[in-house]
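Read through the structure below, which is laid out as structure tokens, and then see the notes.
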Amino acid sequence: MNMSASLAAGVPSETAPLLDVDDLTVHFGAVRAVEEVSFSLKRGETLGLVGESGSGKSTVGRAILQLTRPTGGSVRFEGAELTKLGPARLRPLRKRMQLIFQDPRGSLDPKMKVADILAEPMIIHRTHGAADRKERVAELLRIVGLGTNVLDRYPHQLSGGQAQRIAIGRALALDPALIVADEPISSLDVSIQAQVINLLSDLRASFNLSLLFIAHDLAVVRHISDRVAVMYLGRIVELADKRSLYVAPLHPYTRSLLSAVPIPDPRRERGRRRIILKGEVPSPDKPPAGCALSARCPLRANLGNPEDCTMTRPPLRQVRPGHSVACHFAETSASSAASGDAQPPH
Ligand SMILES: Nc1ncnc2c1ncn2[C@@H]1O[C@H](COP(=O)(O)OP(=O)(O)OP(=O)(O)O)[C@@H](O)[C@H]1O
Ligand code: SF4
Ligand SMILES: [Mg+2]
């Protein structure tokens, strides 16, 4: 179908984003978990979503999938406005978007064998007959790199890495377009982490999957992401193409996070300067009026603590092509990066 025909038919064109999140807001009573988060995701693209504990990453993931209903904003997925759909109309779309959790064994039913875990989505959604299911289960095992010897095992008989592969296989059972992976490697041994990242990376390429990859730190998402969004206290403070973000981060918070990432080159690693933020993250039920970082911001301190930071919330604005940042003084930050103050590219 050509583009004009597809538009005429109301079908989203291949070039339209798969997912468009606009001003997504989630409050739990007084707790402002997510505030006005906006980003889009193309088919086959991976966005890394990074922030420290409590910054709202999981809530963003759950709100996209409508597992937590947003307080405000919009989530368009494959052309449908998910926030307006009731359970019955969401059901068929659930096949197309899947969540992978941090603790693989906790997310698998301990009383079910691997064969049944992998077949379950096909039974719930009535997509395959018994024979096709068996075939598909075997195929899923192959896709995630496991042998049929695990079919009769229970989750507790699997290693952490095997269990996460099964969780990934289950997520793939119904050919999703979007996978939200919520810290999928945090609970795994370091030796296994790279394998699971590589598996997700390969699957994304093979199946043209879009991936929202959630993690605590910038080191984890670096390999797999096309773009990276950094969250602080419920908001995206910086969103950029991977290269731009790692080479020339603009937000003081991102620069602090990045200063914690070891550099593989020992010579440059010795010269790495940690930027440690003073004080605590404010409570999400009493967010500051202006910039959420204002009380702790090293850039603001350097600038003589301008009032702008505490009076007006800095909007997320594009400062360079493909690079947006929520800081009144991002340009100052950019010039100090150019003068060699930032971590060198590596
Ligand atoms: N169901 C809920 N009810 C009340 N508050 C919640 C609920 N879920 C999350 N929160 C609060 O919302 C904020 C964001 O939580 P969220 O779990 O999204 O953060 P996160 O970035 O995923 O953190 P972590 O890295 O620890 O997983 C936190 O203050 C949390 O306590
Ligand atoms: S707006 Fe001010 S307080 Fe916020 S990050 Fe920029 S300089 Fe720091
Ligand atoms: Mg979380």
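Lettering and numbering for the structure tokens are positional, with chains as A, B, ... in the shown order, residues counted from 1 in each chain, and ligands counted from 1 in the shown order.
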(request) From a DSSP calculation on the backbone, collect every residue of stretch 45-213 of chain A in strand (DSSP E) and output the set as a count of residues only. (result) 26
(request) Identify, on the basis of only C-alpha atoms, every residue whose closest approach to stretch 17-25 of chain A does not exceed 7 Å; exclude the query and any residue fewer than 3 positions from it along the same chain; express the result as a ChimeraX atom specification. (result) /A:34-43,70-78
Preceding selection exported with C-alpha atoms as an mmCIF file, in the first residue's frame:
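Saved file selection_3.cif follows:
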```cif
data_model
loop_
_atom_site.group_PDB
_atom_site.id
_atom_site.type_symbol
_atom_site.label_atom_id
_atom_site.label_comp_id
_atom_site.auth_asym_id
_atom_site.auth_seq_id
_atom_site.Cartn_x
_atom_site.Cartn_y
_atom_site.Cartn_z
ATOM 1 C CA VAL A 34 5.409 11.012 36.245
ATOM 2 C CA GLU A 35 5.002 14.567 34.990
ATOM 3 C CA GLU A 36 4.454 15.619 31.373
ATOM 4 C CA VAL A 37 6.673 12.983 29.800
ATOM 5 C CA SER A 38 6.821 13.128 25.994
ATOM 6 C CA PHE A 39 8.754 11.017 23.500
ATOM 7 C CA SER A 40 8.169 8.856 20.480
ATOM 8 C CA LEU A 41 9.543 5.559 19.333
ATOM 9 C CA LYS A 42 9.958 4.437 15.743
ATOM 10 C CA ARG A 43 9.628 0.885 14.538
ATOM 11 C CA PRO A 70 -2.413 7.715 33.341
ATOM 12 C CA THR A 71 -3.705 10.792 35.158
ATOM 13 C CA GLY A 72 -3.213 12.837 32.019
ATOM 14 C CA GLY A 73 -1.630 12.996 28.598
ATOM 15 C CA SER A 74 -1.823 10.714 25.625
ATOM 16 C CA VAL A 75 -0.334 7.405 24.498
ATOM 17 C CA ARG A 76 -0.762 6.619 20.812
ATOM 18 C CA PHE A 77 0.281 3.145 19.764
ATOM 19 C CA GLU A 78 -0.073 1.902 16.181
#
```
(message) Please compute the atom CA of A:Met311-atom CA of A:Ser283 distance, one decimal, in Å.
(response) 18.2 Å
(request) For A:Leu90, please output as a ChimeraX atom specification all residues within 12 Å (counting only C-alpha atoms; exclusion window: fewer than 4 positions along the same chain). (result) /A:64-67,77,80-86,94-97
(request) Compare A:Met231, A:Leu200, A:Leu108, A:Ile275 by their minimum atom-to-atom distance to ligand 1, counting only C-alpha atoms and all ligand atoms, and give me the closest one. (result)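 Nearest to ligand 1: A:Met231.
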(request) Taking only C-alpha atoms and all ligand atoms into account, report as a PyMOL selection string which residues have an atom no farther than 6 Å from an atom of ligand 2. (result) chain A and resi 251-252+291+293-294+297+299-300+309+314+327-329
Ligand 1: which residues are within 9 Å, counting only C-alpha atoms and all ligand atoms, as a CSV table (one decimal) with C-alpha atoms, in the first residue's frame?
```csv
chain,number,residue,atom,x,y,z
A,26,VAL,CA,0.7,9.8,36.5
A,27,HIS,CA,-0.1,10.8,40.1
A,28,PHE,CA,-0.7,8.4,43.0
A,29,GLY,CA,-2.6,10.6,45.3
A,30,ALA,CA,-0.2,13.4,46.2
A,31,VAL,CA,2.8,11.5,44.7
A,32,ARG,CA,3.7,13.0,41.3
A,33,ALA,CA,5.3,9.9,39.9
A,34,VAL,CA,5.4,11.0,36.2
A,50,VAL,CA,17.5,6.0,32.7
A,51,GLY,CA,17.1,7.5,36.1
A,52,GLU,CA,17.7,6.7,39.8
A,53,SER,CA,15.3,4.7,42.0
A,54,GLY,CA,11.9,6.4,42.3
A,55,SER,CA,12.3,8.7,39.3
A,56,GLY,CA,9.3,7.2,37.6
A,57,LYS,CA,10.7,4.8,35.0
A,58,SER,CA,8.6,1.8,35.8
A,59,THR,CA,5.5,4.0,36.0
A,60,VAL,CA,6.1,5.3,32.5
A,61,GLY,CA,6.4,1.8,31.2
A,62,ARG,CA,3.3,0.6,33.0
A,68,THR,CA,-1.4,1.9,35.3
A,102,GLN,CA,13.6,-7.2,36.4
A,182,ASP,CA,12.1,-2.9,32.9
A,183,GLU,CA,15.6,-3.4,34.2
A,214,ILE,CA,14.7,0.9,31.4
A,215,ALA,CA,17.8,0.9,33.5
A,216,HIS,CA,19.4,2.7,36.5
A,231,MET,CA,14.6,11.1,34.1
A,232,TYR,CA,14.8,13.0,37.3
A,233,LEU,CA,11.9,13.3,39.8
A,234,GLY,CA,9.2,12.2,37.3
A,283,SER,CA,10.2,14.0,47.6
A,284,PRO,CA,7.8,13.4,44.7
A,285,ASP,CA,4.9,14.6,46.8
```
